[in-house]
Amino acid sequence: MNSLRTSVCTILGCDVPIVLAGMGGPARSELVAAVSNAGGYGFLGMVRESPELITREIAAVRALTSRPFGVNLIPAATKRELLEAELQACLAANIAAVTLFWDLAPYIVQRLRDAGITVVCQIGSATEAEAAQSAGADILIAQGSEAGGHVRGRQPLRALLPEVLAVATVPVLAAGGLTNGADLAWALQCGAAGVMMGTAFLATRESFAHDYHKQRIVDAEADSTLLTEMFHINWPRGAAVRVLQNSVTRGERGDPFDPAAAKVIASDDGRPITLFSTDSPLRSTTGDLEAMALYAGTGAATIARIESAADLVAEVVSQASTLLLEQNGAVDGASSSPVCYADVAGSAYAGMADQAELQAALEELLQAERAGARVAGHSALAMGQSDVGVLLTQVHRDEARWCAMLMGALRRLEAPPSGLVGAFYDKAMAVEDIDARLALLNRGQGWVVRKLQNLIPRVAQAWLRDDLVAMRKAHEDNIHKTAVLLTQRGSA
Ligand SMILES: Cc1cc2nc3c(=O)[nH]c(=O)nc-3n(C[C@H](O)[C@H](O)[C@H](O)COP(=O)(O)O)c2cc1C
C-alpha cells in the first residue's frame, strides 16, 4: 500500500488515493463507510438533499467507521435556501472535506475553507482548474468526458489530464471511465495524485443504486453509453449526462423538452419522479426504472460483476501496485494514450537532430529513465514512510512518468520503444548503503539533465521540446531535493 500513497492521502487522511465520487443517490452512508474502511476516501452524494438527511447520513457513516470521509454538494443545482441549510448541516457536523461540482461558487469555497474544511473541486477544463485553485480549492478533480453522470467538459481524460496537470498548483485526481488498477497506475504515471471513481462503485453491493441499475452496468458493452441532454429536469439547462442507452435516448418516450411529455413515471419514498428528470433509480425507487437516467461512465464495459466495495478497492490497489513495480508493463499502459502524444511529428531541418538521431537519443534516455525508476521504486519500498522513502516514491513516480512520455514520443516518431533497462539499475542496486545509492541516483539524474541540455536545442518538434524541457526541470528539482536531504542526513 505504501507505494501508492500520494499527497491526496496526506491531505484527506486516507491510505490509498482511491476516492469514491459523491454520487447523488448511490453514494450513501453504507458505501461511503465501506470505501473509507477499505483505505480509500468516500464522499456522501448529498446534492439537493435535506439538511435532516445529510445529518442522518453523516451520523450513519460515523456509526460504521472512524475513518475520514466527506460530503458532495452542487451549488448550481440547488436552490439558495436549501444550499444554505446543507452547508449549515455540514458545518454543524464538523465535516472534514467537501467536493463541489458544476459552476464554481468562489464564495462557497471561501466559506468552507474559513471553516477549516478541505475543498475539492471537480472541473472539466484547464481554465476551470485555474479558476478553482484561485478560489482556494485544495484538490482538483479532472473529469474527462468518459465520466458517468453529469459531464462538465468535453475533453477525454487522456487529453484533459496533462493540460490540467500543467497548470495545477494543487494535487489533481483523475476521473472519468476509470475502474481498475491499470487505470490508477496510468493516472499516477501521468502525474495525477490518484483517481476518483463513480460507476465502478455504483455497481458494488453497498451502493444505494437500484439493483436494476447495477445489473445494467454489468451488462454494458463498449458502445452502451452516450452523452445526452435529454435528462434535464432539475438541472441548469444545457448540461450533458453520460447514461446507458434506453427508451428515452432512443427517442421512444417523446420530446424531452415538451412539458406535456414530462409525466410521472416512478416514485422514490413517496416523491414523484418525472420522465426526463435527472433522478436515477435507487433502492427506494419503484416504477418505470428503464426510462430513468441510468448514469454510467464508459468504463461500465469493463465491469463484470457486482462485488463489495472493499474487494474492489483491494483489487485496484493490488493491480496498480504490481503494475507500478513492473515498470515495463505499467509504462506501456500509460503511454498507449493516443491523445497525450497525438498529432504530427515535425520534420528535421538544418541544425536539428534528424529522425534517426532523435530516435536513438530518446531510446537512450528511456533506458536510463527505466533504470532510474526501478532503482527509486525498489528502494522506496524498502524505505517505507521515512523521509528517504517519501522522496524516493516521488522520484519513482516522476521517472515512470517520463518513461511514459518517452515511449509515447518514440511511437509517435514511428520507432517502437525497446523494453530494455539501462545498466545503471544493476550498478545502483549493488550499492547497499542507502545514502550512497541516493547520491549515485542523483549523479544518474545529472547525466540525464546534461543529455537533455544538449538535445533540447536540436529538437525541431515543439510538442517534444516542451515535454523534454518539463522533464529536465523535474530532474533538476529532484536533484535539488535529494541533495538537500543528503545534506540533512550528513551524507553530502
Ligand atoms: C450515478 C452517478 C451520479 C453522480 N452524481 C454526482 C453528484 O451528485 N455530484 C458530483 O459531483 N458528481 C456526480 N457524478 C459524477 C462523478 O463525480 C464523477 O465525475 C464520475 O462518476 C466519474 O466517472 P466514472 O463514473 O466513469 O467513474 C455522478 C456520477 C454517477 C455515475
# chains A, B, ... in the order shown; residues from 1 in each chain; ligands from 1
call {"tool": "closest_atom_pairs", "arguments": {"of": "chain A", "to": "ligand 1", "cutoff": "8 Å", "atoms": "only C-alpha atoms and all ligand atoms", "output": "Markdown table"}}
result
| residue | atom | partner | partner_atom_place_in_ligand_line | distance |
| --- | --- | --- | --- | --- |
| A:Ala21 | CA | ligand 1 | 17 (O) | 4.7 |
| A:Gly22 | CA | ligand 1 | 9 (N) | 5.2 |
| A:Met23 | CA | ligand 1 | 5 (N) | 3.4 |
| A:Gly24 | CA | ligand 1 | 8 (O) | 3.5 |
| A:Gly25 | CA | ligand 1 | 3 (C) | 6.8 |
| A:Pro26 | CA | ligand 1 | 1 (C) | 6.3 |
| A:Gly45 | CA | ligand 1 | 8 (O) | 5.2 |
| A:Met46 | CA | ligand 1 | 8 (O) | 6.6 |
| A:Val47 | CA | ligand 1 | 8 (O) | 5.2 |
| A:Asn72 | CA | ligand 1 | 9 (N) | 6.0 |
| A:Leu73 | CA | ligand 1 | 9 (N) | 6.5 |
| A:Ile74 | CA | ligand 1 | 9 (N) | 6.3 |
| A:Thr99 | CA | ligand 1 | 11 (O) | 6.7 |
| A:Leu100 | CA | ligand 1 | 11 (O) | 6.0 |
| A:Phe101 | CA | ligand 1 | 11 (O) | 4.7 |
| A:Trp102 | CA | ligand 1 | 11 (O) | 7.4 |
| A:Gln122 | CA | ligand 1 | 11 (O) | 6.7 |
| A:Gln143 | CA | ligand 1 | 19 (O) | 5.5 |
| A:Gly144 | CA | ligand 1 | 23 (O) | 7.6 |
| A:Glu146 | CA | ligand 1 | 26 (O) | 5.9 |
| A:Ala147 | CA | ligand 1 | 23 (O) | 3.3 |
| A:Gly148 | CA | ligand 1 | 25 (O) | 3.8 |
| A:Gly149 | CA | ligand 1 | 29 (C) | 3.8 |
| A:His150 | CA | ligand 1 | 15 (C) | 5.7 |
| A:Val151 | CA | ligand 1 | 19 (O) | 6.8 |
| A:Ala175 | CA | ligand 1 | 22 (C) | 4.8 |
| A:Gly176 | CA | ligand 1 | 23 (O) | 3.5 |
| A:Gly177 | CA | ligand 1 | 26 (O) | 3.5 |
| A:Leu178 | CA | ligand 1 | 27 (O) | 5.3 |
| A:Thr179 | CA | ligand 1 | 27 (O) | 6.6 |
| A:Met196 | CA | ligand 1 | 22 (C) | 6.5 |
| A:Met197 | CA | ligand 1 | 27 (O) | 3.7 |
| A:Gly198 | CA | ligand 1 | 21 (O) | 3.3 |
| A:Thr199 | CA | ligand 1 | 25 (O) | 3.8 |
| A:Ala200 | CA | ligand 1 | 27 (O) | 6.1 |
| A:Phe201 | CA | ligand 1 | 27 (O) | 7.9 |
| A:Leu202 | CA | ligand 1 | 1 (C) | 6.6 |
| A:Ala209 | CA | ligand 1 | 1 (C) | 7.8 |
| A:Arg242 | CA | ligand 1 | 31 (C) | 8.0 |
| A:Ser280 | CA | ligand 1 | 1 (C) | 6.7 |
| A:Leu294 | CA | ligand 1 | 1 (C) | 7.2 |
| A:Tyr295 | CA | ligand 1 | 1 (C) | 4.8 |
| A:Ala296 | CA | ligand 1 | 31 (C) | 4.9 |
| A:Gly297 | CA | ligand 1 | 26 (O) | 3.5 |
| A:Thr298 | CA | ligand 1 | 26 (O) | 5.9 |
| A:Gly299 | CA | ligand 1 | 26 (O) | 5.6 |
| A:Ala300 | CA | ligand 1 | 26 (O) | 7.3 |
call {"tool": "select_by_dssp", "arguments": {"residues": "region 75-248 of chain A", "states": "strand (DSSP E)", "output": "VMD selection string"}}
result
chain A and resid 97 to 100 118 to 123 139 to 143 149 to 151 172 to 175 195 to 197 225 to 228 240 to 244
call {"tool": "residues_around", "arguments": {"residues": "Thr55 (chain A)", "least_positions_apart": "3", "cutoff": "7 Å", "atoms": "only C-alpha atoms", "output": "mmCIF file with all heavy atoms, in the first residue's frame"}}
result
data_model
loop_
_atom_site.group_PDB
_atom_site.id
_atom_site.type_symbol
_atom_site.label_atom_id
_atom_site.label_comp_id
_atom_site.auth_asym_id
_atom_site.auth_seq_id
_atom_site.Cartn_x
_atom_site.Cartn_y
_atom_site.Cartn_z
ATOM 1 N N PRO A 51 -31.282 18.997 4.897
ATOM 2 C CA PRO A 51 -30.278 19.003 5.971
ATOM 3 C C PRO A 51 -30.491 17.847 6.945
ATOM 4 O O PRO A 51 -29.534 17.310 7.498
ATOM 5 C CB PRO A 51 -30.479 20.362 6.665
ATOM 6 C CG PRO A 51 -31.767 20.910 6.139
ATOM 7 C CD PRO A 51 -32.048 20.250 4.835
ATOM 8 N N GLU A 52 -31.755 17.432 7.110
ATOM 9 C CA GLU A 52 -32.031 16.311 8.039
ATOM 10 C C GLU A 52 -31.373 15.031 7.511
ATOM 11 O O GLU A 52 -30.735 14.295 8.255
ATOM 12 C CB GLU A 52 -33.547 16.071 8.193
ATOM 13 C CG GLU A 52 -34.302 17.186 8.906
ATOM 14 C CD GLU A 52 -34.532 18.416 8.029
ATOM 15 O OE1 GLU A 52 -34.531 18.274 6.792
ATOM 16 O OE2 GLU A 52 -34.692 19.527 8.580
ATOM 17 N N ILE A 58 -24.497 11.455 7.740
ATOM 18 C CA ILE A 58 -23.162 11.656 8.350
ATOM 19 C C ILE A 58 -23.063 10.812 9.620
ATOM 20 O O ILE A 58 -22.069 10.105 9.853
ATOM 21 C CB ILE A 58 -22.916 13.156 8.649
ATOM 22 C CG1 ILE A 58 -22.785 13.938 7.336
ATOM 23 C CG2 ILE A 58 -21.670 13.348 9.516
ATOM 24 C CD1 ILE A 58 -22.716 15.451 7.498
ATOM 25 N N ALA A 59 -24.125 10.854 10.427
ATOM 26 C CA ALA A 59 -24.115 10.065 11.672
ATOM 27 C C ALA A 59 -24.036 8.575 11.344
ATOM 28 O O ALA A 59 -23.324 7.811 12.021
ATOM 29 C CB ALA A 59 -25.372 10.366 12.486
ATOM 30 N N ALA A 89 -25.650 22.197 7.816
ATOM 31 C CA ALA A 89 -25.635 20.809 8.313
ATOM 32 C C ALA A 89 -24.204 20.257 8.289
ATOM 33 O O ALA A 89 -23.767 19.590 9.225
ATOM 34 C CB ALA A 89 -26.559 19.936 7.469
ATOM 35 N N ALA A 93 -21.917 19.380 11.619
ATOM 36 C CA ALA A 93 -21.434 18.003 11.801
ATOM 37 C C ALA A 93 -19.915 17.923 11.733
ATOM 38 O O ALA A 93 -19.356 16.831 11.786
ATOM 39 C CB ALA A 93 -22.038 17.100 10.742
#
call {"tool": "atom_distance", "arguments": {"atom1": "CA of Gly13 (chain A)", "atom2": "CA of Gly153 (chain A)"}}
result
28.8 Å
call {"tool": "closest_residue", "arguments": {"among": "A:Ala373, A:Ala77, A:Ala38, A:Ala115", "to": "Ala92 (chain A)", "atoms": "only C-alpha atoms"}}
result
A:Ala115
call {"tool": "select_by_dssp", "arguments": {"residues": "region 145-277 of chain A", "states": "alpha helix (DSSP H)", "output": "CSV table (one decimal) with all heavy atoms, in the first residue's frame"}}
result
chain,number,residue,atom,x,y,z
A,157,LEU,N,-10.3,12.2,-20.9
A,157,LEU,CA,-9.4,12.3,-19.8
A,157,LEU,C,-7.9,12.4,-20.2
A,157,LEU,O,-7.1,13.1,-19.7
A,157,LEU,CB,-9.6,11.2,-18.8
A,157,LEU,CG,-8.8,11.3,-17.5
A,157,LEU,CD1,-9.1,12.5,-16.7
A,157,LEU,CD2,-9.0,10.0,-16.6
A,158,ARG,N,-7.6,11.6,-21.2
A,158,ARG,CA,-6.2,11.5,-21.7
A,158,ARG,C,-5.7,12.8,-22.3
A,158,ARG,O,-4.5,13.1,-22.4
A,158,ARG,CB,-6.0,10.3,-22.6
A,158,ARG,CG,-6.0,9.0,-21.9
A,158,ARG,CD,-6.0,7.8,-22.9
A,158,ARG,NE,-6.4,6.6,-22.2
A,158,ARG,CZ,-5.7,5.9,-21.3
A,158,ARG,NH1,-4.5,6.2,-21.1
A,158,ARG,NH2,-6.2,4.8,-20.7
A,159,ALA,N,-6.7,13.6,-22.8
A,159,ALA,CA,-6.3,14.9,-23.3
A,159,ALA,C,-6.3,16.0,-22.2
A,159,ALA,O,-5.5,16.9,-22.0
A,159,ALA,CB,-7.2,15.3,-24.4
A,160,LEU,N,-7.4,15.8,-21.3
A,160,LEU,CA,-7.6,16.9,-20.3
A,160,LEU,C,-6.5,16.8,-19.2
A,160,LEU,O,-6.0,17.8,-18.7
A,160,LEU,CB,-9.0,16.6,-19.6
A,160,LEU,CG,-9.3,17.5,-18.5
A,160,LEU,CD1,-9.5,19.0,-18.9
A,160,LEU,CD2,-10.6,17.0,-17.8
A,161,LEU,N,-6.2,15.6,-18.7
A,161,LEU,CA,-5.3,15.4,-17.6
A,161,LEU,C,-4.0,16.1,-17.7
A,161,LEU,O,-3.6,16.9,-16.8
A,161,LEU,CB,-5.2,13.9,-17.2
A,161,LEU,CG,-4.4,13.6,-15.9
A,161,LEU,CD1,-5.1,14.3,-14.7
A,161,LEU,CD2,-4.3,12.1,-15.7
A,162,PRO,N,-3.3,15.9,-18.8
A,162,PRO,CA,-2.0,16.6,-19.0
A,162,PRO,C,-2.2,18.2,-19.0
A,162,PRO,O,-1.3,18.9,-18.4
A,162,PRO,CB,-1.4,16.2,-20.3
A,162,PRO,CG,-2.2,15.0,-20.7
A,162,PRO,CD,-3.5,15.0,-20.0
A,163,GLU,N,-3.3,18.6,-19.5
A,163,GLU,CA,-3.5,20.1,-19.6
A,163,GLU,C,-3.7,20.6,-18.2
A,163,GLU,O,-3.2,21.7,-17.8
A,163,GLU,CB,-4.7,20.4,-20.5
A,163,GLU,CG,-4.4,20.3,-21.9
A,163,GLU,CD,-5.5,20.9,-22.8
A,163,GLU,OE1,-6.3,21.6,-22.3
A,163,GLU,OE2,-5.5,20.5,-24.0
A,164,VAL,N,-4.5,19.9,-17.4
A,164,VAL,CA,-4.8,20.3,-16.0
A,164,VAL,C,-3.5,20.2,-15.2
A,164,VAL,O,-3.2,21.2,-14.4
A,164,VAL,CB,-5.9,19.5,-15.4
A,164,VAL,CG1,-6.1,19.8,-13.9
A,164,VAL,CG2,-7.3,19.8,-16.1
A,165,LEU,N,-2.8,19.1,-15.3
A,165,LEU,CA,-1.5,19.0,-14.6
A,165,LEU,C,-0.5,20.1,-14.9
A,165,LEU,O,0.2,20.5,-14.0
A,165,LEU,CB,-0.9,17.6,-14.9
A,165,LEU,CG,-1.6,16.4,-14.2
A,165,LEU,CD1,-1.1,15.1,-14.8
A,165,LEU,CD2,-1.5,16.4,-12.7
A,166,ALA,N,-0.6,20.6,-16.1
A,166,ALA,CA,0.4,21.6,-16.5
A,166,ALA,C,0.1,23.0,-15.8
A,166,ALA,O,1.0,23.8,-15.6
A,166,ALA,CB,0.3,21.8,-18.0
A,167,VAL,N,-1.2,23.2,-15.4
A,167,VAL,CA,-1.5,24.5,-14.7
A,167,VAL,C,-1.7,24.3,-13.2
A,167,VAL,O,-1.8,25.3,-12.5
A,167,VAL,CB,-2.7,25.2,-15.3
A,167,VAL,CG1,-2.5,25.5,-16.8
A,167,VAL,CG2,-4.0,24.3,-15.1
A,181,GLY,N,-7.1,-1.2,-11.5
A,181,GLY,CA,-5.7,-0.9,-11.1
A,181,GLY,C,-4.9,-0.3,-12.2
A,181,GLY,O,-4.0,0.5,-12.0
A,182,ALA,N,-5.1,-0.8,-13.4
A,182,ALA,CA,-4.3,-0.3,-14.6
A,182,ALA,C,-4.7,1.2,-14.7
A,182,ALA,O,-3.8,2.0,-15.1
A,182,ALA,CB,-4.7,-1.0,-15.8
A,183,ASP,N,-5.9,1.6,-14.5
A,183,ASP,CA,-6.3,3.0,-14.6
A,183,ASP,C,-5.6,3.8,-13.6
A,183,ASP,O,-5.2,4.9,-13.8
A,183,ASP,CB,-7.8,3.1,-14.5
A,183,ASP,CG,-8.6,2.5,-15.6
A,183,ASP,OD1,-8.0,2.4,-16.7
A,183,ASP,OD2,-9.7,2.0,-15.4
A,184,LEU,N,-5.6,3.3,-12.3
A,184,LEU,CA,-4.9,4.0,-11.3
A,184,LEU,C,-3.4,4.2,-11.6
A,184,LEU,O,-2.8,5.3,-11.4
A,184,LEU,CB,-5.1,3.3,-9.9
A,184,LEU,CG,-4.3,3.9,-8.7
A,184,LEU,CD1,-4.6,5.4,-8.5
A,184,LEU,CD2,-4.6,3.1,-7.5
A,185,ALA,N,-2.8,3.1,-12.0
A,185,ALA,CA,-1.3,3.1,-12.3
A,185,ALA,C,-1.1,4.2,-13.4
A,185,ALA,O,-0.2,5.0,-13.4
A,185,ALA,CB,-0.9,1.8,-12.8
A,186,TRP,N,-2.0,4.1,-14.4
A,186,TRP,CA,-1.8,5.1,-15.5
A,186,TRP,C,-1.9,6.6,-15.0
A,186,TRP,O,-1.1,7.4,-15.4
A,186,TRP,CB,-2.9,4.9,-16.6
A,186,TRP,CG,-2.9,6.0,-17.6
A,186,TRP,CD1,-2.1,6.1,-18.7
A,186,TRP,CD2,-3.8,7.1,-17.6
A,186,TRP,NE1,-2.4,7.3,-19.4
A,186,TRP,CE2,-3.5,7.9,-18.7
A,186,TRP,CE3,-4.9,7.5,-16.8
A,186,TRP,CZ2,-4.1,9.1,-19.0
A,186,TRP,CZ3,-5.5,8.7,-17.1
A,186,TRP,CH2,-5.2,9.4,-18.2
A,187,ALA,N,-3.0,6.8,-14.2
A,187,ALA,CA,-3.2,8.2,-13.7
A,187,ALA,C,-2.0,8.6,-12.9
A,187,ALA,O,-1.5,9.8,-13.0
A,187,ALA,CB,-4.4,8.2,-12.8
A,188,LEU,N,-1.4,7.8,-12.0
A,188,LEU,CA,-0.3,8.1,-11.2
A,188,LEU,C,0.9,8.4,-12.1
A,188,LEU,O,1.7,9.4,-11.9
A,188,LEU,CB,0.0,7.0,-10.2
A,188,LEU,CG,-1.0,6.8,-9.1
A,188,LEU,CD1,-0.6,5.6,-8.2
A,188,LEU,CD2,-1.2,8.0,-8.2
A,189,GLN,N,1.1,7.6,-13.1
A,189,GLN,CA,2.2,7.8,-14.0
A,189,GLN,C,2.1,9.1,-14.8
A,189,GLN,O,3.1,9.7,-15.1
A,189,GLN,CB,2.4,6.6,-15.0
A,189,GLN,CG,2.9,5.4,-14.3
A,189,GLN,CD,3.0,4.2,-15.2
A,189,GLN,OE1,2.2,4.1,-16.1
A,189,GLN,NE2,3.9,3.4,-14.9
A,190,CYS,N,0.9,9.5,-15.1
A,190,CYS,CA,0.7,10.8,-15.8
A,190,CYS,C,1.0,12.0,-14.8
A,190,CYS,O,1.1,13.1,-15.3
A,190,CYS,CB,-0.7,10.9,-16.3
A,190,CYS,SG,-1.0,10.1,-17.8
A,199,THR,N,-18.9,5.1,-11.4
A,199,THR,CA,-19.6,4.0,-11.9
A,199,THR,C,-19.1,2.7,-11.3
A,199,THR,O,-19.9,1.8,-10.9
A,199,THR,CB,-19.4,3.9,-13.5
A,199,THR,OG1,-19.8,5.2,-14.0
A,199,THR,CG2,-20.1,2.8,-14.1
A,200,ALA,N,-17.8,2.5,-11.1
A,200,ALA,CA,-17.3,1.2,-10.6
A,200,ALA,C,-17.9,1.0,-9.2
A,200,ALA,O,-18.2,-0.1,-8.8
A,200,ALA,CB,-15.8,1.2,-10.5
A,201,PHE,N,-18.0,2.1,-8.4
A,201,PHE,CA,-18.5,1.9,-7.0
A,201,PHE,C,-20.0,1.8,-7.0
A,201,PHE,O,-20.6,1.2,-6.1
A,201,PHE,CB,-18.1,3.1,-6.1
A,201,PHE,CG,-16.6,2.9,-5.6
A,201,PHE,CD1,-15.7,3.9,-6.0
A,201,PHE,CD2,-16.3,1.9,-4.9
A,201,PHE,CE1,-14.4,3.8,-5.5
A,201,PHE,CE2,-15.0,1.7,-4.4
A,201,PHE,CZ,-14.0,2.7,-4.7
A,202,LEU,N,-20.7,2.4,-8.0
A,202,LEU,CA,-22.1,2.3,-8.1
A,202,LEU,C,-22.5,0.8,-8.2
A,202,LEU,O,-23.5,0.4,-7.7
A,202,LEU,CB,-22.6,3.1,-9.4
A,202,LEU,CG,-24.1,3.2,-9.6
A,202,LEU,CD1,-24.5,4.5,-10.3
A,202,LEU,CD2,-24.8,2.0,-10.2
A,211,ASP,N,-30.9,-2.3,-7.8
A,211,ASP,CA,-30.2,-3.5,-8.4
A,211,ASP,C,-30.4,-3.5,-10.0
A,211,ASP,O,-29.5,-4.0,-10.7
A,211,ASP,CB,-30.9,-4.8,-7.9
A,211,ASP,CG,-30.3,-5.1,-6.5
A,211,ASP,OD1,-29.3,-4.5,-6.1
A,211,ASP,OD2,-30.9,-5.9,-5.8
A,212,TYR,N,-31.5,-2.9,-10.5
A,212,TYR,CA,-31.7,-2.8,-11.9
A,212,TYR,C,-30.5,-2.0,-12.6
A,212,TYR,O,-30.0,-2.4,-13.6
A,212,TYR,CB,-33.0,-2.2,-12.2
A,212,TYR,CG,-33.3,-2.0,-13.7
A,212,TYR,CD1,-33.6,-3.0,-14.5
A,212,TYR,CD2,-33.1,-0.7,-14.2
A,212,TYR,CE1,-33.8,-2.8,-15.9
A,212,TYR,CE2,-33.3,-0.4,-15.6
A,212,TYR,CZ,-33.6,-1.5,-16.4
A,212,TYR,OH,-33.8,-1.3,-17.8
A,213,HIS,N,-30.2,-0.9,-11.9
A,213,HIS,CA,-29.2,0.0,-12.5
A,213,HIS,C,-27.8,-0.8,-12.4
A,213,HIS,O,-27.0,-0.8,-13.4
A,213,HIS,CB,-29.1,1.3,-11.6
A,213,HIS,CG,-28.3,2.4,-12.2
A,213,HIS,ND1,-28.3,3.6,-11.7
A,213,HIS,CD2,-27.5,2.4,-13.3
A,213,HIS,CE1,-27.5,4.4,-12.5
A,213,HIS,NE2,-27.0,3.7,-13.4
A,214,LYS,N,-27.6,-1.4,-11.3
A,214,LYS,CA,-26.3,-2.2,-11.1
A,214,LYS,C,-26.2,-3.2,-12.2
A,214,LYS,O,-25.1,-3.4,-12.9
A,214,LYS,CB,-26.2,-2.8,-9.8
A,214,LYS,CG,-26.2,-1.8,-8.6
A,214,LYS,CD,-26.0,-2.6,-7.3
A,214,LYS,CE,-26.2,-1.6,-6.1
A,214,LYS,NZ,-26.1,-2.2,-4.8
A,215,GLN,N,-27.2,-4.0,-12.5
A,215,GLN,CA,-27.2,-5.1,-13.4
A,215,GLN,C,-27.0,-4.5,-14.9
A,215,GLN,O,-26.3,-5.1,-15.7
A,215,GLN,CB,-28.5,-5.9,-13.4
A,215,GLN,CG,-28.4,-7.2,-14.1
A,215,GLN,CD,-27.2,-8.1,-13.7
A,215,GLN,OE1,-26.9,-8.2,-12.6
A,215,GLN,NE2,-26.5,-8.6,-14.7
A,216,ARG,N,-27.6,-3.3,-15.1
A,216,ARG,CA,-27.5,-2.8,-16.5
A,216,ARG,C,-26.0,-2.4,-16.7
A,216,ARG,O,-25.5,-2.5,-17.8
A,216,ARG,CB,-28.4,-1.5,-16.6
A,216,ARG,CG,-29.9,-1.8,-16.8
A,216,ARG,CD,-30.2,-2.4,-18.1
A,216,ARG,NE,-29.7,-1.7,-19.3
A,216,ARG,CZ,-30.4,-0.7,-19.9
A,216,ARG,NH1,-31.6,-0.4,-19.6
A,216,ARG,NH2,-29.8,-0.1,-20.9
A,217,ILE,N,-25.3,-2.0,-15.6
A,217,ILE,CA,-23.9,-1.6,-15.8
A,217,ILE,C,-23.1,-2.9,-16.0
A,217,ILE,O,-22.2,-2.9,-16.9
A,217,ILE,CB,-23.4,-0.9,-14.5
A,217,ILE,CG1,-23.9,0.5,-14.5
A,217,ILE,CG2,-21.9,-0.9,-14.4
A,217,ILE,CD1,-23.6,1.4,-13.4
A,218,VAL,N,-23.4,-4.0,-15.3
A,218,VAL,CA,-22.7,-5.2,-15.5
A,218,VAL,C,-22.9,-5.7,-17.0
A,218,VAL,O,-22.0,-6.2,-17.6
A,218,VAL,CB,-23.1,-6.3,-14.5
A,218,VAL,CG1,-22.6,-7.7,-14.9
A,218,VAL,CG2,-22.7,-5.9,-13.1
A,219,ASP,N,-24.1,-5.5,-17.5
A,219,ASP,CA,-24.4,-6.0,-18.8
A,219,ASP,C,-23.9,-5.0,-19.9
A,219,ASP,O,-23.9,-5.4,-21.1
A,219,ASP,CB,-26.0,-6.0,-19.0
A,219,ASP,CG,-26.6,-7.1,-18.1
A,219,ASP,OD1,-25.8,-7.9,-17.6
A,219,ASP,OD2,-27.8,-7.0,-17.9
call {"tool": "atom_distance", "arguments": {"atom1": "CA of Gly270 (chain A)", "atom2": "CA of Glu49 (chain A)"}}
result
14.8 Å
call {"tool": "residues_around", "arguments": {"residues": "region 249-260 of chain A", "least_positions_apart": "3", "cutoff": "8 Å", "atoms": "only C-alpha atoms", "output": "list in words"}}
result
Thr228, Met230, Phe231, Gln245, Asn246, Lys263 and Phe276 of chain A
call {"tool": "residues_around", "arguments": {"residues": "Asp138 (chain A)", "least_positions_apart": "4", "cutoff": "7 Å", "atoms": "only C-alpha atoms", "output": "PyMOL selection string"}}
result
chain A and resi 118-120+170
call {"tool": "closest_residue", "arguments": {"among": "A:Leu362, A:Leu485, A:Ile306, A:Val172", "to": "Pro416 (chain A)", "atoms": "only C-alpha atoms"}}
result
A:Leu362
call {"tool": "atom_distance", "arguments": {"atom1": "CA of Val16 (chain A)", "atom2": "CA of Ser66 (chain A)"}}
result
16.2 Å
call {"tool": "residues_around", "arguments": {"residues": "Ile11 (chain A)", "least_positions_apart": "2", "cutoff": "10 Å", "atoms": "only C-alpha atoms", "output": "list in words"}}
result
Thr6, Ser7, Val8, Cys9, Gly13, Cys14, Ala97, Thr118, Asp138, Ile139 and Pro171 of chain A
